[in-house]
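Peer 1: Next comes entry39.cif, mmCIF, C-alpha atoms and all ligand atoms:
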```
data_input
loop_
_atom_site.group_PDB
_atom_site.id
_atom_site.type_symbol
_atom_site.label_atom_id
_atom_site.label_comp_id
_atom_site.auth_asym_id
_atom_site.auth_seq_id
_atom_site.Cartn_x
_atom_site.Cartn_y
_atom_site.Cartn_z
ATOM 1 C CA MET A 1 -7.540 4.012 8.012
ATOM 2 C CA SER A 2 -11.002 4.361 6.489
ATOM 3 C CA ALA A 3 -12.601 1.627 8.579
ATOM 4 C CA ASP A 4 -14.856 2.297 11.555
ATOM 5 C CA PHE A 5 -12.385 1.695 14.412
ATOM 6 C CA GLY A 6 -15.247 1.278 16.869
ATOM 7 C CA ASN A 7 -16.455 -1.711 14.884
ATOM 8 C CA LEU A 8 -13.162 -3.057 13.617
ATOM 9 C CA ALA A 9 -14.048 -6.724 14.023
ATOM 10 C CA ALA A 10 -17.248 -6.321 11.981
ATOM 11 C CA GLU A 11 -15.390 -4.316 9.302
ATOM 12 C CA ILE A 12 -12.720 -7.018 8.974
ATOM 13 C CA ARG A 13 -15.385 -9.698 8.782
ATOM 14 C CA LYS A 14 -16.945 -7.869 5.820
ATOM 15 C CA ILE A 15 -13.535 -7.717 4.117
ATOM 16 C CA ASN A 16 -13.022 -11.440 4.793
ATOM 17 C CA GLU A 17 -16.307 -12.190 3.042
ATOM 18 C CA SER A 18 -15.489 -9.954 0.061
ATOM 19 C CA GLU A 19 -13.475 -10.506 -3.122
ATOM 20 C CA ALA A 20 -10.631 -8.298 -1.806
ATOM 21 C CA ASP A 21 -7.248 -9.936 -2.305
ATOM 22 C CA TRP A 22 -5.371 -8.236 0.544
ATOM 23 C CA LEU A 23 -5.999 -6.067 3.593
ATOM 24 C CA HIS A 24 -4.046 -2.782 3.343
ATOM 25 C CA LEU A 25 -2.922 -1.263 6.656
ATOM 26 C CA ASP A 26 -1.647 2.307 6.984
ATOM 27 C CA ILE A 27 0.864 2.802 9.787
ATOM 28 C CA MET A 28 1.686 6.463 10.566
ATOM 29 C CA ASP A 29 4.134 7.871 13.080
ATOM 30 C CA GLY A 30 3.333 11.593 13.331
ATOM 31 C CA VAL A 31 6.884 12.325 12.114
ATOM 32 C CA PHE A 32 7.063 11.337 8.452
ATOM 33 C CA VAL A 33 3.377 12.201 8.041
ATOM 34 C CA PRO A 34 1.247 14.673 10.062
ATOM 35 C CA ASN A 35 -0.981 11.989 11.571
ATOM 36 C CA ILE A 36 -0.769 8.924 13.834
ATOM 37 C CA SER A 37 -2.824 5.843 12.998
ATOM 38 C CA PHE A 38 -2.202 2.751 15.147
ATOM 39 C CA GLY A 39 0.590 0.501 16.322
ATOM 40 C CA PHE A 40 1.324 -3.143 17.088
ATOM 41 C CA PRO A 41 -1.469 -3.848 19.639
ATOM 42 C CA VAL A 42 -4.112 -2.966 17.026
ATOM 43 C CA LEU A 43 -2.155 -4.572 14.207
ATOM 44 C CA LYS A 44 -1.949 -7.877 16.147
ATOM 45 C CA TYR A 45 -5.702 -7.836 16.706
ATOM 46 C CA VAL A 46 -6.364 -7.114 13.028
ATOM 47 C CA ALA A 47 -3.940 -9.864 11.987
ATOM 48 C CA GLN A 48 -5.787 -12.403 14.147
ATOM 49 C CA LEU A 49 -9.146 -11.544 12.574
ATOM 50 C CA SER A 50 -8.090 -11.086 8.967
ATOM 51 C CA GLU A 51 -8.253 -14.005 6.564
ATOM 52 C CA LYS A 52 -6.668 -11.821 3.877
ATOM 53 C CA PRO A 53 -2.888 -11.398 3.536
ATOM 54 C CA LEU A 54 -1.643 -8.215 5.221
ATOM 55 C CA ASP A 55 -0.270 -5.472 2.979
ATOM 56 C CA VAL A 56 1.395 -3.098 5.441
ATOM 57 C CA HIS A 57 2.166 0.440 4.259
ATOM 58 C CA LEU A 58 4.663 2.117 6.563
ATOM 59 C CA MET A 59 4.524 5.890 6.669
ATOM 60 C CA ILE A 60 7.162 5.990 9.383
ATOM 61 C CA VAL A 61 10.795 7.016 9.698
ATOM 62 C CA HIS A 62 13.294 4.174 10.200
ATOM 63 C CA PRO A 63 10.956 1.350 9.150
ATOM 64 C CA GLU A 64 13.975 -1.000 9.279
ATOM 65 C CA LYS A 65 13.826 -0.881 13.090
ATOM 66 C CA PHE A 66 10.593 -2.899 13.087
ATOM 67 C CA ILE A 67 11.197 -5.572 10.430
ATOM 68 C CA ARG A 68 11.138 -8.412 12.996
ATOM 69 C CA GLU A 69 7.928 -7.153 14.622
ATOM 70 C CA PHE A 70 6.097 -6.851 11.302
ATOM 71 C CA LYS A 71 7.176 -10.358 10.346
ATOM 72 C CA GLU A 72 5.992 -11.696 13.715
ATOM 73 C CA VAL A 73 2.471 -10.320 13.345
ATOM 74 C CA GLY A 74 2.178 -12.072 9.989
ATOM 75 C CA THR A 75 2.857 -9.313 7.442
ATOM 76 C CA MET A 76 2.836 -10.581 3.851
ATOM 77 C CA MET A 77 4.038 -7.383 2.133
ATOM 78 C CA MET A 78 6.144 -4.789 3.955
ATOM 79 C CA ASN A 79 5.957 -1.527 2.098
ATOM 80 C CA VAL A 80 8.413 1.286 2.931
ATOM 81 C CA HIS A 81 8.585 4.826 1.605
ATOM 82 C CA TYR A 82 11.488 5.721 -0.685
ATOM 83 C CA GLU A 83 11.652 9.085 1.119
ATOM 84 C CA THR A 84 12.302 7.476 4.525
ATOM 85 C CA CYS A 85 15.171 5.143 3.556
ATOM 86 C CA VAL A 86 18.628 6.619 2.975
ATOM 87 C CA HIS A 87 19.935 3.065 2.454
ATOM 88 C CA LEU A 88 16.949 1.716 0.565
ATOM 89 C CA HIS A 89 18.780 -1.213 -1.048
ATOM 90 C CA ARG A 90 19.868 -2.488 2.365
ATOM 91 C CA VAL A 91 16.348 -2.159 3.806
ATOM 92 C CA VAL A 92 14.897 -4.041 0.816
ATOM 93 C CA GLN A 93 17.403 -6.862 1.404
ATOM 94 C CA GLN A 94 16.622 -6.987 5.129
ATOM 95 C CA ILE A 95 12.874 -7.263 4.521
ATOM 96 C CA ARG A 96 13.410 -10.069 2.018
ATOM 97 C CA GLU A 97 15.789 -11.898 4.356
ATOM 98 C CA ALA A 98 13.097 -11.718 7.049
ATOM 99 C CA GLY A 99 10.800 -13.659 4.707
ATOM 100 C CA MET A 100 8.379 -10.960 3.568
ATOM 101 C CA LYS A 101 7.586 -9.523 0.169
ATOM 102 C CA VAL A 102 8.960 -6.005 -0.364
ATOM 103 C CA GLY A 103 7.204 -2.904 -1.610
ATOM 104 C CA VAL A 104 8.567 0.604 -2.116
ATOM 105 C CA THR A 105 6.286 3.635 -2.069
ATOM 106 C CA LEU A 106 6.715 6.985 -3.824
ATOM 107 C CA ASN A 107 5.155 10.245 -2.650
ATOM 108 C CA PRO A 108 3.366 12.331 -5.310
ATOM 109 C CA SER A 109 6.425 14.592 -5.707
ATOM 110 C CA THR A 110 9.005 11.796 -6.043
ATOM 111 C CA PRO A 111 9.692 10.909 -9.697
ATOM 112 C CA VAL A 112 9.433 7.342 -10.970
ATOM 113 C CA CYS A 113 13.051 7.520 -12.227
ATOM 114 C CA ALA A 114 14.190 7.529 -8.567
ATOM 115 C CA LEU A 115 13.559 3.770 -8.700
ATOM 116 C CA ASN A 116 15.748 3.035 -11.740
ATOM 117 C CA ASP A 117 18.340 1.160 -9.682
ATOM 118 C CA ILE A 118 16.054 -0.693 -7.276
ATOM 119 C CA VAL A 119 13.021 -1.648 -9.343
ATOM 120 C CA CYS A 120 14.359 -5.137 -10.161
ATOM 121 C CA GLU A 121 14.774 -5.905 -6.434
ATOM 122 C CA VAL A 122 11.202 -5.240 -5.281
ATOM 123 C CA ASP A 123 7.899 -7.119 -5.528
ATOM 124 C CA MET A 124 5.735 -4.027 -5.759
ATOM 125 C CA VAL A 125 5.892 -0.270 -6.270
ATOM 126 C CA LEU A 126 3.200 1.825 -4.624
ATOM 127 C CA LEU A 127 2.451 5.200 -6.197
ATOM 128 C CA MET A 128 0.650 7.582 -3.857
ATOM 129 C CA GLY A 129 -2.422 9.208 -5.402
ATOM 130 C CA VAL A 130 -2.544 11.749 -2.547
ATOM 131 C CA ASN A 131 -0.044 13.089 -0.024
ATOM 132 C CA PRO A 132 0.177 10.446 2.710
ATOM 133 C CA GLY A 133 -1.356 11.106 6.120
ATOM 134 C CA PHE A 134 -5.129 11.249 5.826
ATOM 135 C CA SER A 135 -7.890 9.227 4.201
ATOM 136 C CA GLY A 136 -10.570 10.813 2.063
ATOM 137 C CA GLN A 137 -8.321 13.169 0.059
ATOM 138 C CA LYS A 138 -8.832 14.138 -3.574
ATOM 139 C CA PHE A 139 -6.869 12.167 -6.177
ATOM 140 C CA ILE A 140 -3.877 13.914 -7.805
ATOM 141 C CA PRO A 141 -4.390 13.414 -11.598
ATOM 142 C CA ASN A 142 -0.626 13.334 -12.358
ATOM 143 C CA THR A 143 -0.568 9.881 -10.693
ATOM 144 C CA VAL A 144 -2.006 8.375 -13.893
ATOM 145 C CA LYS A 145 0.977 9.666 -15.873
ATOM 146 C CA LYS A 146 3.304 8.132 -13.287
ATOM 147 C CA VAL A 147 1.631 4.738 -13.719
ATOM 148 C CA TYR A 148 2.344 4.888 -17.479
ATOM 149 C CA GLU A 149 5.973 5.857 -16.733
ATOM 150 C CA LEU A 150 6.395 3.076 -14.198
ATOM 151 C CA ARG A 151 4.888 0.497 -16.561
ATOM 152 C CA GLU A 152 7.454 1.589 -19.156
ATOM 153 C CA LEU A 153 10.308 1.315 -16.631
ATOM 154 C CA LEU A 154 9.210 -2.182 -15.581
ATOM 155 C CA ASP A 155 8.965 -3.329 -19.196
ATOM 156 C CA LYS A 156 12.370 -1.843 -20.027
ATOM 157 C CA THR A 157 14.152 -3.404 -17.048
ATOM 158 C CA GLY A 158 12.269 -6.708 -17.032
ATOM 159 C CA SER A 159 11.110 -6.094 -13.450
ATOM 160 C CA LYS A 160 8.138 -8.195 -12.376
ATOM 161 C CA ALA A 161 7.078 -5.676 -9.700
ATOM 162 C CA LEU A 162 3.378 -5.031 -9.311
ATOM 163 C CA ILE A 163 2.111 -1.461 -9.669
ATOM 164 C CA GLN A 164 -0.087 -0.414 -6.756
ATOM 165 C CA VAL A 165 -1.913 2.903 -6.312
ATOM 166 C CA ASP A 166 -3.153 4.205 -2.963
ATOM 167 C CA GLY A 167 -5.115 7.387 -2.253
ATOM 168 C CA GLY A 168 -8.185 8.827 -3.951
ATOM 169 C CA VAL A 169 -9.035 5.541 -5.674
ATOM 170 C CA ASN A 170 -12.669 5.139 -6.718
ATOM 171 C CA LEU A 171 -14.445 3.693 -9.746
ATOM 172 C CA GLU A 172 -13.598 6.726 -11.896
ATOM 173 C CA THR A 173 -9.898 7.125 -10.997
ATOM 174 C CA GLY A 174 -9.529 3.337 -10.699
ATOM 175 C CA ALA A 175 -10.579 2.902 -14.344
ATOM 176 C CA GLN A 176 -7.912 5.410 -15.476
ATOM 177 C CA LEU A 177 -5.263 3.704 -13.343
ATOM 178 C CA VAL A 178 -6.044 0.198 -14.579
ATOM 179 C CA LYS A 179 -5.954 1.444 -18.180
ATOM 180 C CA ALA A 180 -2.518 2.982 -17.492
ATOM 181 C CA GLY A 181 -1.217 -0.354 -16.181
ATOM 182 C CA ALA A 182 -1.937 -0.505 -12.447
ATOM 183 C CA ASP A 183 -2.148 -4.043 -11.005
ATOM 184 C CA VAL A 184 -3.296 -3.337 -7.434
ATOM 185 C CA LEU A 185 -5.791 -0.700 -6.290
ATOM 186 C CA VAL A 186 -6.009 0.327 -2.643
ATOM 187 C CA ALA A 187 -9.454 1.655 -1.793
ATOM 188 C CA GLY A 188 -10.337 3.267 1.517
ATOM 189 C CA ASN A 189 -13.327 5.577 1.657
ATOM 190 C CA ALA A 190 -14.551 4.276 -1.707
ATOM 191 C CA ILE A 191 -15.395 0.931 -0.106
ATOM 192 C CA PHE A 192 -15.881 1.729 3.597
ATOM 193 C CA LYS A 193 -18.298 4.573 2.819
ATOM 194 C CA ALA A 194 -20.073 2.663 0.049
ATOM 195 C CA PRO A 195 -23.672 1.542 0.686
ATOM 196 C CA ASP A 196 -22.598 -2.001 -0.228
ATOM 197 C CA MET A 197 -18.917 -2.639 0.462
ATOM 198 C CA LYS A 198 -18.763 -6.091 -1.125
ATOM 199 C CA GLU A 199 -20.419 -4.861 -4.312
ATOM 200 C CA MET A 200 -17.983 -1.906 -4.548
ATOM 201 C CA ILE A 201 -15.014 -4.269 -4.143
ATOM 202 C CA HIS A 202 -16.486 -6.464 -6.867
ATOM 203 C CA LEU A 203 -16.849 -3.466 -9.205
ATOM 204 C CA LEU A 204 -13.302 -2.197 -8.500
ATOM 205 C CA LYS A 205 -11.836 -5.632 -9.098
ATOM 206 C CA ASN A 206 -13.542 -5.888 -12.469
ATOM 207 C CA LEU A 207 -12.382 -2.547 -13.887
ATOM 208 C CA LYS A 208 -10.803 -2.885 -17.310
HETATM 209 ZN ZN ZN B 301 -1.704 3.073 2.302
#
```
Rewrite the coordinates I just gave you, this time as structure tokens.
Ligand code: ZN

Peer 2:
Amino acid sequence: MSADFGNLAAEIRKINESEADWLHLDIMDGVFVPNISFGFPVLKYVAQLSEKPLDVHLMIVHPEKFIREFKEVGTMMMNVHYETCVHLHRVVQQIREAGMKVGVTLNPSTPVCALNDIVCEVDMVLLMGVNPGFSGQKFIPNTVKKVYELRELLDKTGSKALIQVDGGVNLETGAQLVKAGADVLVAGNAIFKAPDMKEMIHLLKNLK
């Protein structure tokens, strides 16, 4: 979402040449969130150019309707919002059966304990650091507390899920999140607006 869409190929090339582990893609439907990002035609193009595994974050209602399509474009991690799935356990199973890794995302107002009964079934939990819908928003400080809580829940249950944080991540908030136990940082504006994207990715990856 933070990339220059007019120069998408060049932006993806820079990511390919960087130390980034994955490419994070924000899909919005204008229903679950008050914004629309892009759909399959753009996603297919990005997938062809990207040498990084695709981490697809679905801010859409009924994400289960598109499991086959996301698999077909080469999605590595399909990440659905807790708030959009009435039958979350079933959706998690369907994504896994389709051959993708499964992530579940929590909005800032959804408590970590909502995941008590699903956390052992997922590969990653994404905690939103802002309300989903727009890039460039200010980080919500309570997210750090949620990372500590989630780390505790994972340790208690023996879940091997990764902790990912998305929204408002920069060197300052990233350091707090890594200290609290975050495994994966999603950075948008922090890297795409940085004078040297590759250097910023390097610095974020080496936070301790
Ligand atoms: Zn995202």

Peer 1: Which residues of chain A come within 7 Å of ligand ZN 301 (chain B), and for each one, what is the closest pair of atoms and their distance in Å to one decimal, counting all atoms listed in the file, sorted by chain and residue number, as a Markdown table?

Peer 2:
```
| residue | atom | partner | partner_atom | distance |
| --- | --- | --- | --- | --- |
| A:His24 | CA | B:ZN301 | ZN | 6.4 |
| A:Leu25 | CA | B:ZN301 | ZN | 6.3 |
| A:Asp26 | CA | B:ZN301 | ZN | 4.7 |
| A:His57 | CA | B:ZN301 | ZN | 5.1 |
| A:Asp166 | CA | B:ZN301 | ZN | 5.6 |
```

Peer 1: On this structure, which residues satisfy the PyMOL selection byres (((chain A and resi 38-54) around 6) and not hetatm), written as a PyMOL selection string?

Peer 2: chain A and resi 16+22-23+37+55-56+73+75-76

Peer 1: Could you pull the residues within 7 Å of stretch 193-206 of chain A, counting only C-alpha atoms, minus those fewer than 3 positions along the same chain, as a list in words?

Peer 2: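 Near neighbours after the sequence-gap exclusion: Ser18, Glu19, Ala20, Leu171, Asn189 and Ala190 of chain A.
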
Peer 1: Which residue out of A:Asp21, A:Glu83, A:Glu64, A:Asp123 has the minimum interatomic distance to A:Leu106 when only C-alpha atoms are used?

Peer 2: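 Ranking A:Asp21, A:Glu83, A:Glu64, A:Asp123 by distance to A:Leu106, first place goes to A:Glu83.
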
Peer 1: Specify as a PDB file with C-alpha atoms, in the frame of the given file each residue included when the PyMOL selection byres (((chain A and resi 90-101) around 8) and not hetatm) is applied to this file.

Peer 2:
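New file out_6.pdb:
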```pdb
ATOM      1  CA  GLU A  64      13.975  -1.000   9.279  1.00  0.00           C
ATOM      2  CA  ILE A  67      11.197  -5.572  10.430  1.00  0.00           C
ATOM      3  CA  ARG A  68      11.138  -8.412  12.996  1.00  0.00           C
ATOM      4  CA  LYS A  71       7.176 -10.358  10.346  1.00  0.00           C
ATOM      5  CA  THR A  75       2.857  -9.313   7.442  1.00  0.00           C
ATOM      6  CA  MET A  76       2.836 -10.581   3.851  1.00  0.00           C
ATOM      7  CA  MET A  77       4.038  -7.383   2.133  1.00  0.00           C
ATOM      8  CA  MET A  78       6.144  -4.789   3.955  1.00  0.00           C
ATOM      9  CA  CYS A  85      15.171   5.143   3.556  1.00  0.00           C
ATOM     10  CA  HIS A  87      19.935   3.065   2.454  1.00  0.00           C
ATOM     11  CA  LEU A  88      16.949   1.716   0.565  1.00  0.00           C
ATOM     12  CA  HIS A  89      18.780  -1.213  -1.048  1.00  0.00           C
ATOM     13  CA  VAL A 102       8.960  -6.005  -0.364  1.00  0.00           C
ATOM     14  CA  GLY A 103       7.204  -2.904  -1.610  1.00  0.00           C
ATOM     15  CA  GLU A 121      14.774  -5.905  -6.434  1.00  0.00           C
ATOM     16  CA  VAL A 122      11.202  -5.240  -5.281  1.00  0.00           C
ATOM     17  CA  ASP A 123       7.899  -7.119  -5.528  1.00  0.00           C
TER      18      ASP A 123
END
```

Peer 1: What does the PyMOL selection byres (((chain A and resi 2-10) around 6) and not hetatm) select in this file, as a list in words?

Peer 2: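 Answer for the PyMOL selection byres (((chain A and resi 2-10) around 6) and not hetatm): Met1, Glu11, Ile12, Arg13, Gly188, Asn189 and Phe192 of chain A.
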
Peer 1: So what do you get for atom CA of A:Arg151 versus atom CA of A:Ala182, distance-wise?

Peer 2: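 Here the two named atoms are 8.0 Å from each other.
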
Peer 1: Give me the residues near A:Asp155 as a PyMOL selection string, where near means some atom within 12 Å (using only C-alpha atoms) and where sequence neighbours in that chain fewer than 5 positions away do not count.

Peer 2: chain A and resi 116+119-120+148-150+160-163+181

Peer 1: Quick one: residues within 8 Å of stretch 34-36 of chain A, all atoms listed in the file, excluding same-chain residues fewer than 5 positions away - as number ranges by chain?

Peer 2: A: 27-29, 133-134

Peer 1: Any chance you could export the current selection's C-alpha atoms as an mmCIF file, in the frame of the given file?

Peer 2:
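Result saved to again.cif:
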```cif
data_model
loop_
_atom_site.group_PDB
_atom_site.id
_atom_site.type_symbol
_atom_site.label_atom_id
_atom_site.label_comp_id
_atom_site.auth_asym_id
_atom_site.auth_seq_id
_atom_site.Cartn_x
_atom_site.Cartn_y
_atom_site.Cartn_z
ATOM 1 C CA ILE A 27 0.864 2.802 9.787
ATOM 2 C CA MET A 28 1.686 6.463 10.566
ATOM 3 C CA ASP A 29 4.134 7.871 13.080
ATOM 4 C CA GLY A 133 -1.356 11.106 6.120
ATOM 5 C CA PHE A 134 -5.129 11.249 5.826
#
```

Peer 1: Report as a tab-separated table (two decimals) with C-alpha atoms, in the coordinates of the input all protein, DNA and RNA residues lying within 10 Å of A:Val147, evaluated on only C-alpha atoms, omitting residues in the same chain fewer than 4 positions from it.

Peer 2:
```
chain	number	residue	atom	x	y	z
A	112	VAL	CA	9.43	7.34	-10.97
A	125	VAL	CA	5.89	-0.27	-6.27
A	126	LEU	CA	3.20	1.82	-4.62
A	127	LEU	CA	2.45	5.20	-6.20
A	142	ASN	CA	-0.63	13.33	-12.36
A	143	THR	CA	-0.57	9.88	-10.69
A	151	ARG	CA	4.89	0.50	-16.56
A	152	GLU	CA	7.45	1.59	-19.16
A	153	LEU	CA	10.31	1.32	-16.63
A	163	ILE	CA	2.11	-1.46	-9.67
A	164	GLN	CA	-0.09	-0.41	-6.76
A	165	VAL	CA	-1.91	2.90	-6.31
A	176	GLN	CA	-7.91	5.41	-15.48
A	177	LEU	CA	-5.26	3.70	-13.34
A	178	VAL	CA	-6.04	0.20	-14.58
A	179	LYS	CA	-5.95	1.44	-18.18
A	180	ALA	CA	-2.52	2.98	-17.49
A	181	GLY	CA	-1.22	-0.35	-16.18
A	182	ALA	CA	-1.94	-0.50	-12.45
A	183	ASP	CA	-2.15	-4.04	-11.00
```

Peer 1: List as a list of chain:residue names the protein and nucleic acid residues near A:Gly167, meaning an atom at most 9 Å away when only C-alpha atoms are counted, but skip any in the same chain fewer than 6 places from it.

Peer 2: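 The residues that qualify are A:Leu127, A:Met128, A:Gly129, A:Val130, A:Asn131, A:Pro132, A:Phe134, A:Ser135, A:Gly136, A:Gln137, A:Lys138, A:Phe139, A:Ile140, A:Val186, A:Ala187, A:Gly188.
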
Peer 1: Work out how far apart atom CA of A:Thr84 and atom CA of A:Met59 are and give it in Å to one decimal.

Peer 2: 8.2 Å

Peer 1: Enter the distance from atom CA of A:Lys208 to atom CA of A:His81, in Å, rounded to one decimal.

Peer 2: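 Result for atom CA of A:Lys208 versus atom CA of A:His81: 28.2 Å, one decimal.
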
Peer 1: Would you place a box with edges along x, y and z of the file around all atoms of stretch 187-199 of chain A listed there, add 8 Å to each of its six sides, and report the centre and edge lengths in Å to one decimal, as JSON?

Peer 2:
```
{"center_x": -16.6, "center_y": -0.3, "center_z": -0.4, "size_x": 30.2, "size_y": 27.7, "size_z": 23.9}
```

Peer 1: If I only have part of stretch 70-91 of chain A, can you fill in N, CA and C atoms and write it as a PDB file, keeping the file's coordinate frame?

Peer 2:
```pdb
ATOM      1  N   PHE A  70       7.104  -6.722  12.372  1.00  0.00           N
ATOM      2  CA  PHE A  70       6.097  -6.851  11.302  1.00  0.00           C
ATOM      3  C   PHE A  70       6.027  -8.284  10.796  1.00  0.00           C
ATOM      4  N   LYS A  71       7.176  -8.950  10.741  1.00  0.00           N
ATOM      5  CA  LYS A  71       7.176 -10.358  10.346  1.00  0.00           C
ATOM      6  C   LYS A  71       6.396 -11.180  11.366  1.00  0.00           C
ATOM      7  N   GLU A  72       6.627 -10.911  12.643  1.00  0.00           N
ATOM      8  CA  GLU A  72       5.992 -11.696  13.715  1.00  0.00           C
ATOM      9  C   GLU A  72       4.471 -11.588  13.733  1.00  0.00           C
ATOM     10  N   VAL A  73       3.940 -10.417  13.362  1.00  0.00           N
ATOM     11  CA  VAL A  73       2.471 -10.320  13.345  1.00  0.00           C
ATOM     12  C   VAL A  73       1.862 -10.939  12.093  1.00  0.00           C
ATOM     13  N   GLY A  74       2.703 -11.371  11.160  1.00  0.00           N
ATOM     14  CA  GLY A  74       2.178 -12.072   9.989  1.00  0.00           C
ATOM     15  C   GLY A  74       2.057 -11.217   8.743  1.00  0.00           C
ATOM     16  N   THR A  75       2.881 -10.172   8.630  1.00  0.00           N
ATOM     17  CA  THR A  75       2.857  -9.313   7.442  1.00  0.00           C
ATOM     18  C   THR A  75       3.271 -10.092   6.191  1.00  0.00           C
ATOM     19  N   MET A  76       2.481  -9.963   5.131  1.00  0.00           N
ATOM     20  CA  MET A  76       2.836 -10.581   3.851  1.00  0.00           C
ATOM     21  C   MET A  76       3.735  -9.637   3.060  1.00  0.00           C
ATOM     22  N   MET A  77       3.312  -8.389   2.925  1.00  0.00           N
ATOM     23  CA  MET A  77       4.038  -7.383   2.133  1.00  0.00           C
ATOM     24  C   MET A  77       4.409  -6.225   3.044  1.00  0.00           C
ATOM     25  N   MET A  78       5.711  -5.947   3.165  1.00  0.00           N
ATOM     26  CA  MET A  78       6.144  -4.789   3.955  1.00  0.00           C
ATOM     27  C   MET A  78       6.558  -3.696   2.984  1.00  0.00           C
ATOM     28  N   ASN A  79       5.833  -2.591   3.081  1.00  0.00           N
ATOM     29  CA  ASN A  79       5.957  -1.527   2.098  1.00  0.00           C
ATOM     30  C   ASN A  79       6.547  -0.280   2.756  1.00  0.00           C
ATOM     31  N   VAL A  80       7.740   0.128   2.320  1.00  0.00           N
ATOM     32  CA  VAL A  80       8.413   1.286   2.931  1.00  0.00           C
ATOM     33  C   VAL A  80       8.468   2.447   1.945  1.00  0.00           C
ATOM     34  N   HIS A  81       8.490   3.657   2.474  1.00  0.00           N
ATOM     35  CA  HIS A  81       8.585   4.826   1.605  1.00  0.00           C
ATOM     36  C   HIS A  81      10.023   5.058   1.151  1.00  0.00           C
ATOM     37  N   TYR A  82      10.193   5.318  -0.120  1.00  0.00           N
ATOM     38  CA  TYR A  82      11.488   5.721  -0.685  1.00  0.00           C
ATOM     39  C   TYR A  82      12.071   6.893   0.111  1.00  0.00           C
ATOM     40  N   GLU A  83      11.200   7.842   0.482  1.00  0.00           N
ATOM     41  CA  GLU A  83      11.652   9.085   1.119  1.00  0.00           C
ATOM     42  C   GLU A  83      12.162   8.872   2.540  1.00  0.00           C
ATOM     43  N   THR A  84      11.884   7.711   3.131  1.00  0.00           N
ATOM     44  CA  THR A  84      12.302   7.476   4.525  1.00  0.00           C
ATOM     45  C   THR A  84      13.563   6.625   4.632  1.00  0.00           C
ATOM     46  N   CYS A  85      14.055   6.101   3.496  1.00  0.00           N
ATOM     47  CA  CYS A  85      15.171   5.143   3.556  1.00  0.00           C
ATOM     48  C   CYS A  85      16.397   5.690   2.829  1.00  0.00           C
ATOM     49  N   VAL A  86      17.372   6.154   3.582  1.00  0.00           N
ATOM     50  CA  VAL A  86      18.628   6.619   2.975  1.00  0.00           C
ATOM     51  C   VAL A  86      19.332   5.435   2.311  1.00  0.00           C
ATOM     52  N   HIS A  87      19.291   4.270   2.988  1.00  0.00           N
ATOM     53  CA  HIS A  87      19.935   3.065   2.454  1.00  0.00           C
ATOM     54  C   HIS A  87      18.849   2.081   2.018  1.00  0.00           C
ATOM     55  N   LEU A  88      18.120   2.486   0.990  1.00  0.00           N
ATOM     56  CA  LEU A  88      16.949   1.716   0.565  1.00  0.00           C
ATOM     57  C   LEU A  88      17.309   0.286   0.148  1.00  0.00           C
ATOM     58  N   HIS A  89      18.404   0.126  -0.583  1.00  0.00           N
ATOM     59  CA  HIS A  89      18.780  -1.213  -1.048  1.00  0.00           C
ATOM     60  C   HIS A  89      18.978  -2.159   0.127  1.00  0.00           C
ATOM     61  N   ARG A  90      19.634  -1.661   1.167  1.00  0.00           N
ATOM     62  CA  ARG A  90      19.868  -2.488   2.365  1.00  0.00           C
ATOM     63  C   ARG A  90      18.543  -2.860   3.042  1.00  0.00           C
ATOM     64  N   VAL A  91      17.639  -1.896   3.153  1.00  0.00           N
ATOM     65  CA  VAL A  91      16.348  -2.159   3.806  1.00  0.00           C
ATOM     66  C   VAL A  91      15.561  -3.207   3.007  1.00  0.00           C
TER      67      VAL A  91
END
```
